[in-house]
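*Asks:* First the structure, which I've put down as structure tokens, then a few questions once you've had a look.
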Amino acid sequence: MLWRLTITTAWGEGIDGFDLGVLSVVLPFVARDLDMSPVWTGLIGASALLGIFIGSPVVGYLTDRFGRRRLFLIDLAAFIVLGVLQAFVTQPWQLFALRLLLGIAIGAEYAIGAAMLAEFAPSRGRGRRLSLLLVSWYSGYLASVVIAYALVDRAGWNWRWVLITSAVPAVVVLALRHGLPESPRWLVRHGRTDEARRIVERHLGGEAYFRAEEYESEKPTAGWRQLFAPQLRRRTVFVCTFWACLVAPYFAIFTFAPQVFTALRLADPRASTIAANGIAAIGAVVGMLTIERTGRRTQLIGPFWIMAAALLVAGLWGGAPAAVIVVCFALFSFFNAMSGNLTAVYPIEVFPTDVRSSGVGIASAFSRIGAAIGTFLLPVGISSIGIGASMVIGAAICALGAVVSHALAPETTGMTLTRASVEPASVGRA
């Protein structure tokens, strides 16, 4: 059951990455066929991110209140229906509305999936298991770019049919999720301890596992307002900030990757886009394999500084050879994905069970509104202040993430989920 849950959760993240990646390829064709202005292009590029801003906190709250399992199924069913409807749009506002609703479904997945998986997973290897979600996300994004280019260039598919390809794996994942049990930690928090014990006995190893993972120590807190109380406020600020600083430059650059690489005078923007996403997928795998050895803080702070340096070089060296630009974006892609794994780990580990999905939802919303602003403004920035200045702004965002993480990031490696979420948010050594 644990591996089934891991696979279906990871596939859910992969489908999210797939859907966002497909848009980055077909958006120029959409803009041409629907005669869209730069404003509409930016809005549609940012629409799913705006939807995540809405969906993550709302569904996170509902998940904490009503349980993980039911919404885990409803969310994916909505994703399938909305994905198919994209084939029938005739106006920019229709596609914007559908992408906004798809973003709500994606935000729901972020709030539900990782929390549910973590609440079943053992402490040993939990970071690696949660990192698999981001490996799947980057792999889905890479696969979507390769498949979309193949369908458009080789098979001659219209962008409408390319957009709905993500619904196919979503149907498989929905079938696999049917019948999964409720989170035992959530059940304990809501006074259903006997039911939780039966689930642990059947699927996870019985009473010994129940005690070892400290399920009985789960106690209710003051609800979602606790996220902004003194005990958790620092953690809420930390998670919101580091997540936003990771994804804002990533989504801004990769949603418009062909345009970005064209502006940087790379000869083959499509090959560059595929290569950059491939390197990101490798970075995610490396991060998954090393997270339990290096620790959370080390895997977060160092990569932030490397990303800042890479974007700074790309932005300030206007006449840099193509090889230098390639190396800069390879470094950015690799280390962004490597530390990006922690967006599926830190938010889960630092919040208590009864506000875990709410905390993840609020942090995801905060990060995505930053990413949406960056995605909306990047086309404008390239045409007004230039690609160099836009890359320097991205470097500054990464530097901010490094400084905040150094000051606020706790070390949670090796702790049980109960202990990691209730101990004071002391900062470990970098």
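Identifiers in the structure tokens: chain A, B, ... in order shown; residue index from 1 per chain; ligand index from 1 in order shown.
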Assign secondary structure with DSSP using the backbone only, and return the residues of stretch 103-307 of chain A in helix (DSSP H, G or I) as number ranges by chain.
*Replies:* A: 103-120, 126-154, 159-177, 184-189, 193-203, 206-212, 215-217, 224-228, 230-255, 257-263, 269-294, 296-307
*Asks:* Which polymer residues have any atom within 9 Å of an atom of A:Gly295, counting only C-alpha atoms, with same-chain residues fewer than 5 positions away left out, as an mmCIF file with C-alpha atoms, in the first residue's frame?
*Replies:*
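Writing done, so here's selection.cif:
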```cif
data_model
loop_
_atom_site.group_PDB
_atom_site.id
_atom_site.type_symbol
_atom_site.label_atom_id
_atom_site.label_comp_id
_atom_site.auth_asym_id
_atom_site.auth_seq_id
_atom_site.Cartn_x
_atom_site.Cartn_y
_atom_site.Cartn_z
ATOM 1 C CA THR A 290 21.617 12.808 -1.387
ATOM 2 C CA LEU A 300 18.961 24.351 0.262
ATOM 3 C CA GLU A 411 17.292 20.898 10.377
ATOM 4 C CA THR A 412 14.713 18.091 10.419
ATOM 5 C CA THR A 413 16.690 15.226 8.897
ATOM 6 C CA GLY A 414 16.098 11.916 10.709
ATOM 7 C CA ALA A 430 24.574 25.031 7.587
#
```
*Asks:* Could you state the separation of atom CA of A:Gln94 and atom CA of A:Ile112 in Å, given to one decimal place?
*Replies:*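 If I compute the distance from atom CA of A:Gln94 to atom CA of A:Ile112, I get 27.3 Å.
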*Asks:* Residues of stretch 154-246 of chain A within 9 Å of stretch 325-345 of chain A: nearest atom pair and distance (Å, one decimal) for each, counting only C-alpha atoms, sorted by chain and number, as a tab-separated table?
*Replies:*
```
residue	atom	partner	partner_atom	distance
A:Val239	CA	A:Thr343	CA	8.1
A:Phe242	CA	A:Thr343	CA	8.5
A:Trp243	CA	A:Thr343	CA	6.2
A:Leu246	CA	A:Asn336	CA	6.6
```
*Asks:* Dump N, CA and C atoms for the selected residues as a PDB file, in the first residue's frame?
*Replies:*
```
ATOM      1  N   VAL A 239       9.086  28.924   5.025  1.00  0.00           N
ATOM      2  CA  VAL A 239       8.609  28.063   3.954  1.00  0.00           C
ATOM      3  C   VAL A 239       8.050  28.892   2.801  1.00  0.00           C
ATOM      4  N   PHE A 242      11.300  30.703   1.006  1.00  0.00           N
ATOM      5  CA  PHE A 242      12.240  29.893   0.233  1.00  0.00           C
ATOM      6  C   PHE A 242      11.550  29.256  -0.971  1.00  0.00           C
ATOM      7  N   TRP A 243      10.297  28.856  -0.822  1.00  0.00           N
ATOM      8  CA  TRP A 243       9.569  28.239  -1.931  1.00  0.00           C
ATOM      9  C   TRP A 243       9.355  29.262  -3.052  1.00  0.00           C
ATOM     10  N   LEU A 246      12.547  29.936  -4.979  1.00  0.00           N
ATOM     11  CA  LEU A 246      12.935  28.841  -5.863  1.00  0.00           C
ATOM     12  C   LEU A 246      12.132  28.841  -7.157  1.00  0.00           C
TER      13      LEU A 246
END
```
*Asks:* Determine, counting only C-alpha atoms, which protein, DNA and RNA residues have an atom within 8 Å of an atom of A:Glu182; residues of the same chain fewer than 5 positions away are not included. Present the result as a compact mmCIF listing (two decimals) with N, CA, C and O atoms, in the first residue's frame.
*Replies:*
```
# COMPACT_ATOMS: atom_id res chain seq x y z
N GLY A 67 -10.32 15.51 5.88
CA GLY A 67 -9.54 14.32 5.59
C GLY A 67 -8.88 14.37 4.24
O GLY A 67 -9.26 15.14 3.35
N ARG A 68 -7.84 13.51 4.08
CA ARG A 68 -7.03 13.53 2.87
C ARG A 68 -7.65 12.71 1.73
O ARG A 68 -7.60 13.10 0.58
N ARG A 69 -8.19 11.53 2.04
CA ARG A 69 -8.50 10.53 1.04
C ARG A 69 -9.55 11.00 0.03
O ARG A 69 -9.37 10.86 -1.19
N LEU A 187 -6.47 10.78 11.43
CA LEU A 187 -7.49 10.10 12.23
C LEU A 187 -7.20 10.25 13.73
O LEU A 187 -8.12 10.51 14.52
```
*Asks:* Please determine, counting only C-alpha atoms, which residue among A:Val392, A:Leu132, A:Leu227, A:Leu142 has the shortest atom-to-atom distance to A:Ser272.
*Replies:* A:Leu142
